[in-house]
Amino acid sequence: MNDSSWGAPQGAGYWGAPEMGAAPAGPAYDVHGAQQTRPMPIVPDVPDAGRDADDRDDRNGDAARVSGPLFRDEKPQEPMSTPLPPPTPPKKRAGRDLRAAIGVGLGLGALVAGSLFVVKAVFVGVVALAVVVGLWELTSRLKERKGINAPLVPLAVGGAAMVVAGYVREAEGAWVAMALTALAVLVWRMTEPPEGYLKDVTAGVFAVFYVPFLATFVSMMLTADDGPWRVLTFLLLTVVSDTGAYAVGWRFGTHKLAPRISPGKTREGLFGAVGFAMVAGALCMEFLIDGGSWWQGLLMGLAVAASATLGDLGESMIKRDLGIKDMGTLLPGHGGIMDRLDSLLPSAPVVWLLLVLFVGAG
């Protein structure tokens, strides 16, 4: 606002009303100084008037803080309308179709239980089929997202053979079948151009270890006299660990466990996995395993919760590197077979080893 809008009202320091062109009288008034200096307009104080904002003189750059009421031509600020209530935070929702996930989970559980307690060989066939499908999903995603051509044929044949060898010849058979499968991958890839050979066979050998070799420990558990109950204990502990992590993390999770790898996992979920798995382990070792004790089940539950969580994070790392959410779409509400095997595979050798240490090979 420029100076022309400021009036010159009467006030202290003026002795009467000056005439046009005449300077007001005063003991400290200098005529010569008045010709070169603009008088600062004085605004009378008004009761209950607020302090105005700082203003700057546009002509000479001098700053002045003016105390007084609002300008007459300004309209008083109208009161704000009634503030709206804060928005209600959205309710937490599961990221998948929960009904489909439960239905598929029950169907898989019935298939596993039926084959496990009817004929052991049928269950071995179910494990081998899961391994082959898992290898197909893994190699397909590697090819689509990274251009890596890990040979599926020797992987599938060798992977199924490894599961059967683990059931027939236990650890010795599993190691021999794994070595032969890795060799078959190296030879099979030689039939194609050499470009990308190293990355293709490296991915193939990784797939051999990651899927079929770890799965052989399930078939090795089955060879004991109480093999079906050992396998059932292994499955229950892993599933209960995942369920506890999901339930507690979904309801109470606030602190991220590994946000760069899997943003959905929380520390509270990990505690839920440990608690649920330890309780389930104590019950299983006490009532399902011959010679087992509840305290052994507590240790086993703790170990399974750790291995299942690491397995889940490991596959999350793979999927994040590939830029995908799921390894497949075969199982509604779950994703692919590999999305269900991620926590089972690393837990299999852990349970097998602890059972051997606690109650023997059977």
# chains A, B, ... in the order shown; residues from 1 in each chain; ligands from 1

call {"tool": "select_by_dssp", "arguments": {"residues": "range 178-249 of chain A", "states": "helix (DSSP H, G or I)", "output": "PyMOL selection string"}}
result
chain A and resi 178-189+197-222+227-249

call {"tool": "select_by_dssp", "arguments": {"residues": "range 133-342 of chain A", "states": "strand (DSSP E)", "output": "PyMOL selection string"}}
result
chain A and resi 256-258+262-266

call {"tool": "write_last_selection", "arguments": {"atoms": "N, CA and C atoms", "output": "mmCIF file, in the first residue's frame"}}
result
data_model
loop_
_atom_site.group_PDB
_atom_site.id
_atom_site.type_symbol
_atom_site.label_atom_id
_atom_site.label_comp_id
_atom_site.auth_asym_id
_atom_site.auth_seq_id
_atom_site.Cartn_x
_atom_site.Cartn_y
_atom_site.Cartn_z
ATOM 1 N N LYS A 256 7.873 -52.603 10.881
ATOM 2 C CA LYS A 256 8.278 -53.413 9.739
ATOM 3 C C LYS A 256 9.461 -54.310 10.104
ATOM 4 N N LEU A 257 9.389 -55.526 9.598
ATOM 5 C CA LEU A 257 10.465 -56.487 9.856
ATOM 6 C C LEU A 257 11.596 -56.318 8.861
ATOM 7 N N ALA A 258 11.275 -56.296 7.583
ATOM 8 C CA ALA A 258 12.272 -56.122 6.519
ATOM 9 C C ALA A 258 11.619 -55.342 5.389
ATOM 10 N N SER A 262 10.231 -57.266 2.118
ATOM 11 C CA SER A 262 8.806 -57.580 2.156
ATOM 12 C C SER A 262 8.117 -56.569 3.060
ATOM 13 N N PRO A 263 7.562 -55.494 2.494
ATOM 14 C CA PRO A 263 6.987 -54.423 3.324
ATOM 15 C C PRO A 263 5.816 -54.874 4.182
ATOM 16 N N GLY A 264 5.160 -55.977 3.825
ATOM 17 C CA GLY A 264 3.998 -56.406 4.579
ATOM 18 C C GLY A 264 4.313 -57.149 5.864
ATOM 19 N N LYS A 265 5.543 -57.573 6.047
ATOM 20 C CA LYS A 265 5.898 -58.368 7.228
ATOM 21 C C LYS A 265 6.323 -57.453 8.375
ATOM 22 N N THR A 266 5.862 -57.787 9.568
ATOM 23 C CA THR A 266 6.130 -56.963 10.742
ATOM 24 C C THR A 266 6.790 -57.786 11.847
#

call {"tool": "closest_residue", "arguments": {"among": "A:Ser343, A:Gln296, A:Thr254, A:Thr329", "to": "Ser316 in chain A", "atoms": "only C-alpha atoms"}}
result
A:Ser343

call {"tool": "atom_distance", "arguments": {"atom1": "CA of Lys319 in chain A", "atom2": "CA of Val185 in chain A"}}
result
23.1 Å

call {"tool": "residues_around", "arguments": {"residues": "range 270-275 of chain A", "least_positions_apart": "4", "cutoff": "12 Å", "atoms": "only C-alpha atoms", "output": "number ranges by chain"}}
result
A: 237-258, 264-266, 279-282, 297-310, 312-313, 343

call {"tool": "atom_distance", "arguments": {"atom1": "CA of Trp352 in chain A", "atom2": "CA of Val122 in chain A"}}
result
20.1 Å

call {"tool": "residues_around", "arguments": {"residues": "Gly159 in chain A", "least_positions_apart": "4", "cutoff": "7 Å", "atoms": "only C-alpha atoms", "output": "ChimeraX atom specification"}}
result
/A:131-132,155,163,208,212

call {"tool": "residues_around", "arguments": {"residues": "range 170-179 of chain A", "least_positions_apart": "6", "cutoff": "10 Å", "atoms": "only C-alpha atoms", "output": "list of chain:residue names"}}
result
A:Leu155, A:Gly158, A:Gly159, A:Ala160, A:Ala161, A:Met162, A:Val163, A:Val164, A:Val205, A:Val208, A:Phe209, A:Pro212, A:Phe213, A:Leu214, A:Ala215, A:Thr216, A:Phe217, A:Ser219, A:Met220, A:Met221, A:Leu222, A:Thr223

call {"tool": "write_last_selection", "arguments": {"atoms": "N, CA and C atoms", "output": "PDB file, in the first residue's frame"}}
result
ATOM      1  N   LEU A 155      15.819 -80.577 -15.148  1.00  0.00           N
ATOM      2  CA  LEU A 155      15.436 -80.165 -13.804  1.00  0.00           C
ATOM      3  C   LEU A 155      14.212 -80.937 -13.322  1.00  0.00           C
ATOM      4  N   GLY A 158      15.153 -84.815 -13.073  1.00  0.00           N
ATOM      5  CA  GLY A 158      16.073 -85.012 -11.958  1.00  0.00           C
ATOM      6  C   GLY A 158      15.436 -84.649 -10.630  1.00  0.00           C
ATOM      7  N   GLY A 159      14.591 -83.610 -10.593  1.00  0.00           N
ATOM      8  CA  GLY A 159      13.944 -83.223  -9.344  1.00  0.00           C
ATOM      9  C   GLY A 159      13.007 -84.300  -8.828  1.00  0.00           C
ATOM     10  N   ALA A 160      12.198 -84.863  -9.707  1.00  0.00           N
ATOM     11  CA  ALA A 160      11.311 -85.950  -9.292  1.00  0.00           C
ATOM     12  C   ALA A 160      12.118 -87.162  -8.840  1.00  0.00           C
ATOM     13  N   ALA A 161      13.221 -87.439  -9.544  1.00  0.00           N
ATOM     14  CA  ALA A 161      14.069 -88.573  -9.153  1.00  0.00           C
ATOM     15  C   ALA A 161      14.710 -88.345  -7.787  1.00  0.00           C
ATOM     16  N   MET A 162      15.050 -87.124  -7.477  1.00  0.00           N
ATOM     17  CA  MET A 162      15.647 -86.823  -6.180  1.00  0.00           C
ATOM     18  C   MET A 162      14.670 -87.101  -5.042  1.00  0.00           C
ATOM     19  N   VAL A 163      13.402 -86.736  -5.227  1.00  0.00           N
ATOM     20  CA  VAL A 163      12.404 -86.981  -4.185  1.00  0.00           C
ATOM     21  C   VAL A 163      12.229 -88.484  -3.959  1.00  0.00           C
ATOM     22  N   VAL A 164      12.156 -89.233  -5.056  1.00  0.00           N
ATOM     23  CA  VAL A 164      12.003 -90.688  -4.937  1.00  0.00           C
ATOM     24  C   VAL A 164      13.244 -91.317  -4.319  1.00  0.00           C
ATOM     25  N   VAL A 205      21.448 -74.900 -11.487  1.00  0.00           N
ATOM     26  CA  VAL A 205      21.980 -75.552 -10.289  1.00  0.00           C
ATOM     27  C   VAL A 205      21.334 -74.968  -9.033  1.00  0.00           C
ATOM     28  N   VAL A 208      18.028 -76.598  -8.658  1.00  0.00           N
ATOM     29  CA  VAL A 208      18.166 -77.977  -8.172  1.00  0.00           C
ATOM     30  C   VAL A 208      18.240 -77.995  -6.652  1.00  0.00           C
ATOM     31  N   PHE A 209      19.030 -77.109  -6.102  1.00  0.00           N
ATOM     32  CA  PHE A 209      19.160 -77.084  -4.647  1.00  0.00           C
ATOM     33  C   PHE A 209      17.918 -76.514  -3.978  1.00  0.00           C
ATOM     34  N   PRO A 212      14.015 -79.204  -5.428  1.00  0.00           N
ATOM     35  CA  PRO A 212      13.938 -80.652  -5.174  1.00  0.00           C
ATOM     36  C   PRO A 212      14.815 -81.148  -4.031  1.00  0.00           C
ATOM     37  N   PHE A 213      16.021 -80.583  -3.878  1.00  0.00           N
ATOM     38  CA  PHE A 213      16.885 -81.096  -2.824  1.00  0.00           C
ATOM     39  C   PHE A 213      16.275 -80.864  -1.440  1.00  0.00           C
ATOM     40  N   LEU A 214      15.780 -79.667  -1.182  1.00  0.00           N
ATOM     41  CA  LEU A 214      15.149 -79.400   0.108  1.00  0.00           C
ATOM     42  C   LEU A 214      13.890 -80.238   0.303  1.00  0.00           C
ATOM     43  N   ALA A 215      13.198 -80.524  -0.798  1.00  0.00           N
ATOM     44  CA  ALA A 215      11.986 -81.339  -0.691  1.00  0.00           C
ATOM     45  C   ALA A 215      12.295 -82.795  -0.360  1.00  0.00           C
ATOM     46  N   THR A 216      13.504 -83.267  -0.666  1.00  0.00           N
ATOM     47  CA  THR A 216      13.834 -84.663  -0.360  1.00  0.00           C
ATOM     48  C   THR A 216      13.809 -84.948   1.141  1.00  0.00           C
ATOM     49  N   PHE A 217      13.987 -83.933   1.980  1.00  0.00           N
ATOM     50  CA  PHE A 217      13.945 -84.155   3.425  1.00  0.00           C
ATOM     51  C   PHE A 217      12.532 -84.526   3.887  1.00  0.00           C
ATOM     52  N   SER A 219      10.488 -86.500   2.054  1.00  0.00           N
ATOM     53  CA  SER A 219      10.392 -87.934   1.770  1.00  0.00           C
ATOM     54  C   SER A 219      11.287 -88.744   2.699  1.00  0.00           C
ATOM     55  N   MET A 220      12.393 -88.161   3.153  1.00  0.00           N
ATOM     56  CA  MET A 220      13.252 -88.857   4.111  1.00  0.00           C
ATOM     57  C   MET A 220      12.569 -88.990   5.478  1.00  0.00           C
ATOM     58  N   MET A 221      11.801 -87.996   5.877  1.00  0.00           N
ATOM     59  CA  MET A 221      11.032 -88.106   7.122  1.00  0.00           C
ATOM     60  C   MET A 221      10.025 -89.246   7.045  1.00  0.00           C
ATOM     61  N   LEU A 222       9.516 -89.490   5.857  1.00  0.00           N
ATOM     62  CA  LEU A 222       8.472 -90.490   5.679  1.00  0.00           C
ATOM     63  C   LEU A 222       8.990 -91.912   5.854  1.00  0.00           C
ATOM     64  N   THR A 223      10.295 -92.112   5.767  1.00  0.00           N
ATOM     65  CA  THR A 223      10.840 -93.464   5.853  1.00  0.00           C
ATOM     66  C   THR A 223      10.807 -94.031   7.274  1.00  0.00           C
TER      67      THR A 223
END

call {"tool": "residues_around", "arguments": {"residues": "Gly147 in chain A", "least_positions_apart": "4", "cutoff": "10 Å", "atoms": "only C-alpha atoms", "output": "PyMOL selection string"}}
result
chain A and resi 139-143+196+199-200

call {"tool": "write_last_selection", "arguments": {"atoms": "N, CA and C atoms", "output": "PDB file, in the first residue's frame"}}
result
ATOM      1  N   THR A 139      11.447 -71.503 -13.353  1.00  0.00           N
ATOM      2  CA  THR A 139      12.171 -71.322 -14.615  1.00  0.00           C
ATOM      3  C   THR A 139      11.400 -70.428 -15.591  1.00  0.00           C
ATOM      4  N   SER A 140      10.077 -70.493 -15.539  1.00  0.00           N
ATOM      5  CA  SER A 140       9.276 -69.640 -16.421  1.00  0.00           C
ATOM      6  C   SER A 140       9.443 -68.174 -16.053  1.00  0.00           C
ATOM      7  N   ARG A 141       9.407 -67.866 -14.755  1.00  0.00           N
ATOM      8  CA  ARG A 141       9.567 -66.474 -14.341  1.00  0.00           C
ATOM      9  C   ARG A 141      10.986 -65.978 -14.622  1.00  0.00           C
ATOM     10  N   LEU A 142      11.986 -66.839 -14.460  1.00  0.00           N
ATOM     11  CA  LEU A 142      13.356 -66.437 -14.769  1.00  0.00           C
ATOM     12  C   LEU A 142      13.507 -66.093 -16.253  1.00  0.00           C
ATOM     13  N   LYS A 143      12.859 -66.852 -17.096  1.00  0.00           N
ATOM     14  CA  LYS A 143      12.940 -66.589 -18.534  1.00  0.00           C
ATOM     15  C   LYS A 143      12.186 -65.329 -18.915  1.00  0.00           C
ATOM     16  N   GLY A 196      25.231 -66.784 -22.824  1.00  0.00           N
ATOM     17  CA  GLY A 196      24.405 -66.936 -21.637  1.00  0.00           C
ATOM     18  C   GLY A 196      24.509 -68.286 -20.957  1.00  0.00           C
ATOM     19  N   LYS A 199      25.163 -68.076 -16.937  1.00  0.00           N
ATOM     20  CA  LYS A 199      24.024 -67.666 -16.108  1.00  0.00           C
ATOM     21  C   LYS A 199      22.899 -68.704 -16.160  1.00  0.00           C
ATOM     22  N   ASP A 200      22.733 -69.388 -17.293  1.00  0.00           N
ATOM     23  CA  ASP A 200      21.679 -70.395 -17.406  1.00  0.00           C
ATOM     24  C   ASP A 200      21.962 -71.601 -16.509  1.00  0.00           C
TER      25      ASP A 200
END
